[in-house]
Amino acid sequence: MTVHFIGAGPGDPELITVKGLKLIQRCPVILYAGSLVPIEILEEARSDADIIDTASMALDAIIERIQRAHDEGQDVARVHSGDPSIYGATGEQMRRLDALGIDFEIVPGVTSTSASSAALKRELTLSGVTQTVIMTRFAGKTPMPERENLDALARHGATLAIHLGITRIHKIVETLIPHYGEDAPVAVCYRVGWPDEQHLTGTLSTIVEQVRAAKITRTALILVGHVLAPPEFNDSYLYDAQKAHIYRPKFKTASPRAVKREPQ
């Protein structure tokens with residue numbers, strides 16, 4: 001028996017991994033976070049699967065259901081939004097399973113940061129602009145370590161992906177302006193992958209009013225950084241004809257390497 005922690009992605013049912021989908025199709029017990037994971041993700045579950053929405057359940061009740069599945073020798077698909085490693089509340093579940101001697105594995109998923117950059121058609125690392133992405137959150141019910149406060153992180157000038165902070169966006173803007181400038185580009189990505197997905201793009205001087213006008217109060221990612229609207233940036237070395245590497249030697253062949261395939 002194994003508990004499979006599955007990252008279901010940000011909302012689009014087609015953004016789940018092949019491995020994650022196969023486990024949902026196979027497992028007789030499915031526990032999913034219904035407040036963040038669309039029910040369409042589970043359409044291919046087996047007809048006799050016990051499907052439980054954990055949105056209203058506390059940790060003890062979730063572990064009790066997993067324990068019962070373990071006693072009955074039933075694999076469990078524990079379906080979370082995004083990727084389980086990023087603000088997934090999976091750490092405390094895994095700690096309990098370790099204590100109980102219950103086997104588990106992690107199946108990664110598409111993060112909201114990846115989905116948001118794709119929706120915006122932007123690369124978050126550009127040569128000559130920044131090579132770093134910082135994924136963080138703003139202090140709320142969960143406090144932030146002092147060394148990770150937003151002011152300290154903003155000093156790097158990197159691309160920021162700020163989770164769980166949309167209700168405090170005015171404070172976020174006040175903290176970031178001294179480091180990024182009032183004209184720094186910002187994007188607020190609301191429910192990426194869902195039918196009501198929405199993107200707001202502006203600057204640190206305009207984004208607060210845009211968010212208030214759109215009445216966005218939850219389930220939004222804030223992206224900040226000059227990569228969102230770069231005046232210019234350098235081409236990477238990856239495809240630079242003057243830069244040789246192991247797959248593109250200095251002495252060029254007449255044509256690109258063909259991919260060898262086995263006969264069908």
# chains A, B, ... in the order shown; residues from 1 in each chain; ligands from 1

$ closest_atom_pairs --of "stretch 2-74 of chain A" --to "stretch 208-229 of chain A" --cutoff "12 Å" --atoms "only C-alpha atoms" --output "JSON lines"
{"residue": "A:Pro10", "atom": "CA", "partner": "A:Thr219", "partner_atom": "CA", "distance": 10.1}
{"residue": "A:Gly11", "atom": "CA", "partner": "A:Thr219", "partner_atom": "CA", "distance": 11.0}
{"residue": "A:Ser35", "atom": "CA", "partner": "A:Thr219", "partner_atom": "CA", "distance": 10.3}
{"residue": "A:Leu36", "atom": "CA", "partner": "A:Thr219", "partner_atom": "CA", "distance": 8.7}
{"residue": "A:Val37", "atom": "CA", "partner": "A:Thr219", "partner_atom": "CA", "distance": 11.9}

$ write_last_selection --atoms "N, CA and C atoms" --output "compact mmCIF listing (two decimals), in the first residue's frame"
# COMPACT_ATOMS: atom_id res chain seq x y z
N PRO A 10 -2.19 23.82 -11.58
CA PRO A 10 -2.88 25.01 -11.07
C PRO A 10 -4.39 25.04 -11.30
N GLY A 11 -4.93 24.16 -12.15
CA GLY A 11 -6.37 24.19 -12.38
C GLY A 11 -6.79 23.57 -13.70
N SER A 35 -11.23 22.56 -2.63
CA SER A 35 -11.26 24.01 -2.73
C SER A 35 -10.27 24.54 -3.75
N LEU A 36 -9.29 23.72 -4.14
CA LEU A 36 -8.24 24.16 -5.05
C LEU A 36 -8.06 23.27 -6.27
N VAL A 37 -8.60 22.06 -6.23
CA VAL A 37 -8.45 21.10 -7.33
C VAL A 37 -9.81 20.92 -8.01

$ select_by_dssp --residues "stretch 134-246 of chain A" --states "helix (DSSP H, G or I)" --output "number ranges by chain"
A: 146-148, 150-154, 166-180, 207-214, 226-228

$ closest_residue --among "A:Ala61, A:Cys27, A:Ala154, A:Leu15" --to "A:Ala118" --atoms "only C-alpha atoms"
A:Leu15

$ residues_around --residues "A:Leu97" --least-positions-apart "2" --cutoff "12 Å" --atoms "only C-alpha atoms" --output "list of chain:residue names"
A:Thr2, A:Val3, A:His4, A:Phe5, A:Leu59, A:Asp60, A:Ile62, A:Ile63, A:Glu64, A:Arg65, A:Ile66, A:Gln67, A:His70, A:Thr90, A:Gly91, A:Glu92, A:Gln93, A:Met94, A:Arg95, A:Ala99, A:Leu100, A:Gly101, A:Ile102, A:Asp103, A:Phe104, A:Glu105

$ residues_around --residues "A:Thr136" --least-positions-apart "5" --cutoff "8 Å" --atoms "only C-alpha atoms" --output "short mmCIF file (atom, residue, chain, number, x, y, z; two decimals) with all heavy atoms, in the first residue's frame"
data_model
loop_
_atom_site.label_atom_id
_atom_site.label_comp_id
_atom_site.auth_asym_id
_atom_site.auth_seq_id
_atom_site.Cartn_x
_atom_site.Cartn_y
_atom_site.Cartn_z
N LEU A 160 10.36 38.01 -8.65
CA LEU A 160 9.66 37.55 -7.45
C LEU A 160 8.33 36.91 -7.85
O LEU A 160 7.59 37.45 -8.66
CB LEU A 160 9.37 38.72 -6.50
CG LEU A 160 10.56 39.42 -5.86
CD1 LEU A 160 10.07 40.60 -5.02
CD2 LEU A 160 11.35 38.45 -4.99
N ALA A 161 8.06 35.76 -7.26
CA ALA A 161 6.75 35.11 -7.37
C ALA A 161 6.19 35.05 -5.96
O ALA A 161 6.64 34.25 -5.14
CB ALA A 161 6.89 33.71 -7.97
N ILE A 162 5.22 35.92 -5.68
CA ILE A 162 4.71 36.08 -4.32
C ILE A 162 3.36 35.40 -4.19
O ILE A 162 2.38 35.79 -4.82
CB ILE A 162 4.60 37.57 -3.95
CG1 ILE A 162 5.96 38.26 -4.17
CG2 ILE A 162 4.13 37.73 -2.51
CD1 ILE A 162 5.91 39.77 -4.03
N HIS A 163 3.31 34.37 -3.37
CA HIS A 163 2.09 33.61 -3.12
C HIS A 163 1.35 34.18 -1.92
O HIS A 163 1.95 34.78 -1.02
CB HIS A 163 2.43 32.14 -2.83
CG HIS A 163 3.11 31.42 -3.96
ND1 HIS A 163 2.50 30.43 -4.68
CD2 HIS A 163 4.35 31.55 -4.48
CE1 HIS A 163 3.33 29.98 -5.60
NE2 HIS A 163 4.45 30.65 -5.50
#

$ closest_residue --among "A:Leu153, A:Leu238, A:Val188, A:Ile169" --to "A:Ser116" --atoms "only C-alpha atoms"
A:Val188

$ residues_around --residues "A:Val79" --least-positions-apart "4" --cutoff "8 Å" --atoms "only C-alpha atoms" --output "list of chain:residue names"
A:His4, A:Phe5, A:Ile6, A:Gly7, A:Ala8, A:Ile30, A:Leu31, A:Tyr32, A:Ala33, A:Val37

$ closest_residue --among "A:Ile86, A:Ile24, A:Ala139, A:Leu124" --to "A:Ser112" --atoms "only C-alpha atoms"
A:Ile86

$ residues_around --residues "A:Val110" --least-positions-apart "5" --cutoff "6 Å" --atoms "only C-alpha atoms" --output "NGL selection string"
:A and (9 or 82-83)

$ select_by_dssp --residues "stretch 7-62 of chain A" --states "strand (DSSP E or B)" --output "MDAnalysis selection string"
chainID A and resid 7 9 29:32 50:53

$ residues_around --residues "A:Leu164" --least-positions-apart "2" --cutoff "7 Å" --atoms "only C-alpha atoms" --output "number ranges by chain"
A: 137-138, 162, 166

$ closest_residue --among "A:Val192, A:Val259, A:Leu42, A:Ala77" --to "A:Ala115" --atoms "only C-alpha atoms"
A:Val192

$ closest_residue --among "A:Arg46, A:Lys19, A:Lys121, A:His179" --to "A:Gly157" --atoms "only C-alpha atoms"
A:His179

$ decode --residues "stretch 174-190 of chain A" --atoms "all heavy atoms" --output "JSON list (two decimals), in the first residue's frame"
[["chain", "number", "residue", "atom", "x", "y", "z"],
["A", 174, "GLU", "N", 4.52, 48.84, -1.23],
["A", 174, "GLU", "CA", 5.30, 49.78, -0.43],
["A", 174, "GLU", "C", 6.69, 49.24, -0.14],
["A", 174, "GLU", "O", 7.67, 49.99, -0.13],
["A", 174, "GLU", "CB", 4.57, 50.06, 0.89],
["A", 174, "GLU", "CG", 3.29, 50.88, 0.73],
["A", 174, "GLU", "CD", 2.54, 50.98, 2.05],
["A", 174, "GLU", "OE1", 3.02, 50.44, 3.07],
["A", 174, "GLU", "OE2", 1.45, 51.60, 2.05],
["A", 175, "THR", "N", 6.77, 47.93, 0.08],
["A", 175, "THR", "CA", 8.07, 47.31, 0.38],
["A", 175, "THR", "C", 8.96, 47.23, -0.85],
["A", 175, "THR", "O", 10.19, 47.40, -0.75],
["A", 175, "THR", "CB", 7.85, 45.90, 0.95],
["A", 175, "THR", "OG1", 7.01, 45.97, 2.10],
["A", 175, "THR", "CG2", 9.17, 45.23, 1.31],
["A", 176, "LEU", "N", 8.37, 47.01, -2.01],
["A", 176, "LEU", "CA", 9.16, 46.75, -3.22],
["A", 176, "LEU", "C", 9.62, 48.00, -3.96],
["A", 176, "LEU", "O", 10.66, 47.99, -4.62],
["A", 176, "LEU", "CB", 8.37, 45.86, -4.18],
["A", 176, "LEU", "CG", 8.04, 44.45, -3.68],
["A", 176, "LEU", "CD1", 7.32, 43.68, -4.77],
["A", 176, "LEU", "CD2", 9.29, 43.72, -3.23],
["A", 177, "ILE", "N", 8.85, 49.08, -3.89],
["A", 177, "ILE", "CA", 9.18, 50.28, -4.67],
["A", 177, "ILE", "C", 10.61, 50.78, -4.42],
["A", 177, "ILE", "O", 11.32, 51.13, -5.39],
["A", 177, "ILE", "CB", 8.15, 51.39, -4.42],
["A", 177, "ILE", "CG1", 6.87, 51.08, -5.22],
["A", 177, "ILE", "CG2", 8.69, 52.76, -4.82],
["A", 177, "ILE", "CD1", 5.74, 52.08, -5.02],
["A", 178, "PRO", "N", 11.11, 50.81, -3.19],
["A", 178, "PRO", "CA", 12.49, 51.28, -3.00],
["A", 178, "PRO", "C", 13.54, 50.43, -3.71],
["A", 178, "PRO", "O", 14.63, 50.93, -4.02],
["A", 178, "PRO", "CB", 12.68, 51.21, -1.47],
["A", 178, "PRO", "CG", 11.30, 51.32, -0.92],
["A", 178, "PRO", "CD", 10.43, 50.57, -1.90],
["A", 179, "HIS", "N", 13.22, 49.19, -3.99],
["A", 179, "HIS", "CA", 14.19, 48.29, -4.61],
["A", 179, "HIS", "C", 13.99, 48.15, -6.12],
["A", 179, "HIS", "O", 14.97, 48.02, -6.87],
["A", 179, "HIS", "CB", 14.09, 46.91, -3.97],
["A", 179, "HIS", "CG", 14.32, 46.92, -2.50],
["A", 179, "HIS", "ND1", 15.57, 47.04, -1.94],
["A", 179, "HIS", "CD2", 13.45, 46.84, -1.45],
["A", 179, "HIS", "CE1", 15.48, 47.03, -0.62],
["A", 179, "HIS", "NE2", 14.21, 46.90, -0.30],
["A", 180, "TYR", "N", 12.75, 48.19, -6.59],
["A", 180, "TYR", "CA", 12.46, 47.95, -8.00],
["A", 180, "TYR", "C", 12.05, 49.22, -8.75],
["A", 180, "TYR", "O", 12.11, 49.25, -9.98],
["A", 180, "TYR", "CB", 11.33, 46.91, -8.14],
["A", 180, "TYR", "CG", 11.77, 45.50, -7.79],
["A", 180, "TYR", "CD1", 11.84, 45.09, -6.46],
["A", 180, "TYR", "CD2", 12.11, 44.58, -8.78],
["A", 180, "TYR", "CE1", 12.25, 43.81, -6.13],
["A", 180, "TYR", "CE2", 12.52, 43.30, -8.46],
["A", 180, "TYR", "CZ", 12.59, 42.92, -7.12],
["A", 180, "TYR", "OH", 13.00, 41.65, -6.81],
["A", 181, "GLY", "N", 11.61, 50.23, -8.02],
["A", 181, "GLY", "CA", 11.15, 51.46, -8.66],
["A", 181, "GLY", "C", 9.67, 51.41, -8.96],
["A", 181, "GLY", "O", 9.08, 50.34, -9.14],
["A", 182, "GLU", "N", 9.03, 52.58, -9.01],
["A", 182, "GLU", "CA", 7.59, 52.65, -9.22],
["A", 182, "GLU", "C", 7.16, 52.10, -10.57],
["A", 182, "GLU", "O", 6.04, 51.62, -10.73],
["A", 182, "GLU", "CB", 7.11, 54.10, -9.09],
["A", 182, "GLU", "CG", 7.20, 54.66, -7.69],
["A", 182, "GLU", "CD", 6.55, 56.03, -7.58],
["A", 182, "GLU", "OE1", 6.21, 56.61, -8.64],
["A", 182, "GLU", "OE2", 6.38, 56.51, -6.44],
["A", 183, "ASP", "N", 8.05, 52.15, -11.55],
["A", 183, "ASP", "CA", 7.71, 51.70, -12.91],
["A", 183, "ASP", "C", 8.01, 50.22, -13.16],
["A", 183, "ASP", "O", 7.84, 49.74, -14.28],
["A", 183, "ASP", "CB", 8.45, 52.54, -13.95],
["A", 183, "ASP", "CG", 7.99, 53.99, -13.95],
["A", 183, "ASP", "OD1", 6.83, 54.24, -13.56],
["A", 183, "ASP", "OD2", 8.79, 54.88, -14.31],
["A", 184, "ALA", "N", 8.42, 49.50, -12.13],
["A", 184, "ALA", "CA", 8.72, 48.08, -12.30],
["A", 184, "ALA", "C", 7.45, 47.33, -12.71],
["A", 184, "ALA", "O", 6.38, 47.54, -12.12],
["A", 184, "ALA", "CB", 9.28, 47.50, -11.02],
["A", 185, "PRO", "N", 7.54, 46.45, -13.70],
["A", 185, "PRO", "CA", 6.36, 45.72, -14.15],
["A", 185, "PRO", "C", 5.89, 44.67, -13.15],
["A", 185, "PRO", "O", 6.70, 44.03, -12.47],
["A", 185, "PRO", "CB", 6.81, 45.07, -15.46],
["A", 185, "PRO", "CG", 8.30, 45.08, -15.42],
["A", 185, "PRO", "CD", 8.72, 46.20, -14.54],
["A", 186, "VAL", "N", 4.58, 44.53, -13.08],
["A", 186, "VAL", "CA", 3.93, 43.59, -12.16],
["A", 186, "VAL", "C", 2.82, 42.86, -12.91],
["A", 186, "VAL", "O", 2.15, 43.45, -13.76],
["A", 186, "VAL", "CB", 3.31, 44.31, -10.94],
["A", 186, "VAL", "CG1", 2.71, 43.31, -9.97],
["A", 186, "VAL", "CG2", 4.33, 45.18, -10.24],
["A", 187, "ALA", "N", 2.62, 41.60, -12.57],
["A", 187, "ALA", "CA", 1.47, 40.85, -13.09],
["A", 187, "ALA", "C", 0.78, 40.15, -11.93],
["A", 187, "ALA", "O", 1.46, 39.55, -11.08],
["A", 187, "ALA", "CB", 1.90, 39.84, -14.14],
["A", 188, "VAL", "N", -0.52, 40.24, -11.88],
["A", 188, "VAL", "CA", -1.32, 39.49, -10.92],
["A", 188, "VAL", "C", -2.11, 38.46, -11.72],
["A", 188, "VAL", "O", -2.90, 38.80, -12.59],
["A", 188, "VAL", "CB", -2.27, 40.41, -10.12],
["A", 188, "VAL", "CG1", -3.25, 39.58, -9.31],
["A", 188, "VAL", "CG2", -1.46, 41.32, -9.22],
["A", 189, "CYS", "N", -1.85, 37.19, -11.42],
["A", 189, "CYS", "CA", -2.48, 36.10, -12.17],
["A", 189, "CYS", "C", -3.47, 35.39, -11.25],
["A", 189, "CYS", "O", -3.09, 34.76, -10.26],
["A", 189, "CYS", "CB", -1.41, 35.13, -12.67],
["A", 189, "CYS", "SG", -0.22, 35.91, -13.79],
["A", 190, "TYR", "N", -4.75, 35.51, -11.60],
["A", 190, "TYR", "CA", -5.84, 35.00, -10.77],
["A", 190, "TYR", "C", -6.36, 33.68, -11.33],
["A", 190, "TYR", "O", -6.70, 33.60, -12.51],
["A", 190, "TYR", "CB", -6.96, 36.04, -10.72],
["A", 190, "TYR", "CG", -8.25, 35.59, -10.09],
["A", 190, "TYR", "CD1", -8.35, 35.44, -8.71],
["A", 190, "TYR", "CD2", -9.37, 35.34, -10.87],
["A", 190, "TYR", "CE1", -9.55, 35.03, -8.13],
["A", 190, "TYR", "CE2", -10.57, 34.94, -10.30],
["A", 190, "TYR", "CZ", -10.65, 34.79, -8.92],
["A", 190, "TYR", "OH", -11.83, 34.38, -8.35]]
